[in-house]
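A.B. asks: Got a structure here, written out as structure tokens. Questions coming.
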Amino acid sequence: MTRPQWQAALLSLCIALALLALWHVLTLPQSGAGAAAAMTPEQAEYARLMGKDPGARKSSGFPTPAQLGEAAWRQLSDPFYDNGPNDKGIAVQLAYSLGRVGLGFMLACVVAVPLGFVIGMSPLLHRSLDPFIQVLKPISPLAWMPLALYTIKDSSVSGVFVIFICSIWPMLLNTAFGVASVRREWLDVARTLEVTPMRKALRVILPAAAPTILTGMRISMSIAWLVIVAAEMLVGGTGIGYFVWNEWNNLSLTHVILAIVLIGVVGMLLDRMFAALQRLVTYVE
């Protein structure tokens with residue numbers, strides 16, 4: 001790592017420690033001595049009869065960093081257990097979510113990349129399909145869920161469909177833009193050398209448009225991972241989204257926060273993976 005990278009990493013660590021310290025201070029139990037002093041002797045005695053300690057320290061109800069660490073240790077020490085429909089390890093839930101995201105994302109790649117390639121090479125086709133793309137693109141993926149559940153009649157497949165429909169647009173538009181933006185000089189050279197259309201597409205256009213295509217895939221993966229949590233809250237059954245909703249129903253705020261942290265970490269790792277792929281296909285002119 002270079003010196004600026006070490007400095008950035010150190011600054012990130014300091015910010016994280018500061019946030020944890022602030023979290024710890026804000027969730028410290030509050031002393032009930034002030035409230036006890038304001039009580040009359042009769043009120044204090046009544047509180048004791050009801051099983052309450054007037055001088056007890058009151059908690060804010062929000063979990064502390066230590067409680068989150070304990071919950072993380074319990075969940076991560078045995079993340080692959082499966083004791084039934086409503087009792088699965090955190091790794092099992094993440095695996096279900098990643099499987100749905102991966103399947104929907106791959107289906108979107110199969111459709112979006114070739115179609116975007118054709119749209120980028122044909123201005124007429126681009127003008128013809130652009131109104132449909134602009135109408136369908138801003139529709140919330142969750143708006144498709146009732147229609148998917150009604151037509152497909154399978155909650156797991158409906159979740160995959162939602163991932164597909166939300167992943168396709170960034171890839172489609174970025175692929176079309178990348179193909180349409182290939183330098184005219186390169187296309188002229190290919191035409192001068194009488195390169196066949198298929199060879200021109202694979203050896204000239206695809207390498208030139210690859211960084212833009214990977215950018216679209218990176219955006220699509222981020223959106224897909226964002227949407228799967230909300231989709232699994234609706235369809236239920238399995239997945240990290242269902243885990244969050246189930247733990248909320250169990251009033252386990254600590255597990256909800258743990259799941260939020262894990263969702264963020266997995267999303268960051270997926271983004272870094274596509275960023276590394278993007279660097280591999282990026283060239284310097």
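Lettering and numbering for the structure tokens are positional, with chains as A, B, ... in the shown order, residues counted from 1 in each chain, and ligands counted from 1 in the shown order.
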Just the residues within 12 Å of A:Val261, please, counting only C-alpha atoms, with nothing from its chain fewer than 4 positions along; format it as a list in words.
C.D. replies: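 That gives Leu68, Gly69, Ala72, Ile240, Val244, Thr254, His255, Val256, Ile257, Val265, Val266, Gly267 and Met268 of chain A.
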A.B. asks: Take the residues that were just selected and, keeping C-alpha atoms, output them as a PDB file, in the first residue's frame.
C.D. replies:
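Okay, part-v9.pdb is ready:
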ATOM      1  CA  LEU A  68     -23.854  -6.167  19.324  1.00  0.00           C
ATOM      2  CA  GLY A  69     -20.464  -7.849  19.647  1.00  0.00           C
ATOM      3  CA  ALA A  72     -22.242 -11.214  16.394  1.00  0.00           C
ATOM      4  CA  ILE A 240     -31.309 -11.927   4.916  1.00  0.00           C
ATOM      5  CA  VAL A 244     -34.320  -8.800   9.436  1.00  0.00           C
ATOM      6  CA  THR A 254     -29.519  -6.297  18.278  1.00  0.00           C
ATOM      7  CA  HIS A 255     -29.918  -8.947  15.564  1.00  0.00           C
ATOM      8  CA  VAL A 256     -31.529  -6.389  13.257  1.00  0.00           C
ATOM      9  CA  ILE A 257     -28.489  -4.104  13.576  1.00  0.00           C
ATOM     10  CA  VAL A 265     -20.255  -5.546   4.358  1.00  0.00           C
ATOM     11  CA  VAL A 266     -21.469  -8.006   1.716  1.00  0.00           C
ATOM     12  CA  GLY A 267     -22.556  -5.128  -0.520  1.00  0.00           C
ATOM     13  CA  MET A 268     -19.121  -3.539  -0.173  1.00  0.00           C
TER      14      MET A 268
END
A.B. asks: A:Lys200: which residues within 12 Å, counting only C-alpha atoms, same-chain residues fewer than 2 positions away excluded, as a PyMOL selection string?
C.D. replies: chain A and resi 121+179+182+186-198+202-208
A.B. asks: Excluding stretch 165-171 of chain A and any residue of its chain fewer than 5 positions from it, enumerate the residues within 6 Å of it, using only C-alpha atoms, and give them as a ChimeraX atom specification.
C.D. replies: /A:108,112,141,216-217,220,224
A.B. asks: Output the selection as a short mmCIF file (atom, residue, chain, number, x, y, z; two decimals), in the first residue's frame - C-alpha atoms for each residue.
C.D. replies:
data_model
loop_
_atom_site.label_atom_id
_atom_site.label_comp_id
_atom_site.auth_asym_id
_atom_site.auth_seq_id
_atom_site.Cartn_x
_atom_site.Cartn_y
_atom_site.Cartn_z
CA ALA A 108 -30.24 -9.72 -16.64
CA ALA A 112 -29.10 -6.66 -21.27
CA PRO A 141 -38.92 -3.03 -8.55
CA GLY A 216 -23.26 -0.87 -15.67
CA MET A 217 -22.85 -4.31 -14.12
CA SER A 220 -26.81 -3.21 -11.34
CA ALA A 224 -29.89 -5.85 -6.90
#
A.B. asks: Rounded to one decimal place, report the atom CA of A:Ser222-atom CA of A:Leu98 distance in Å.
C.D. replies: 12.1 Å
A.B. asks: Just the residues within 12 Å of stretch 149-154 of chain A, please, counting only C-alpha atoms, with nothing from its chain fewer than 4 positions along; format it as a list in words.
C.D. replies: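 Surrounding residues, per the criterion: Leu142, Ala143, Trp144, Met145, Ser158, Gly159, Val160, Phe161, Val162, Ala231, Leu234, Val235, Gly236 and Gly237 of chain A.
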A.B. asks: Which of stretch 48-187 of chain A counts as alpha helix (DSSP H) under DSSP, as a ChimeraX atom specification please?
C.D. replies: /A:48-49,65-77,90-121,123-136,145-152,155-180,184-187
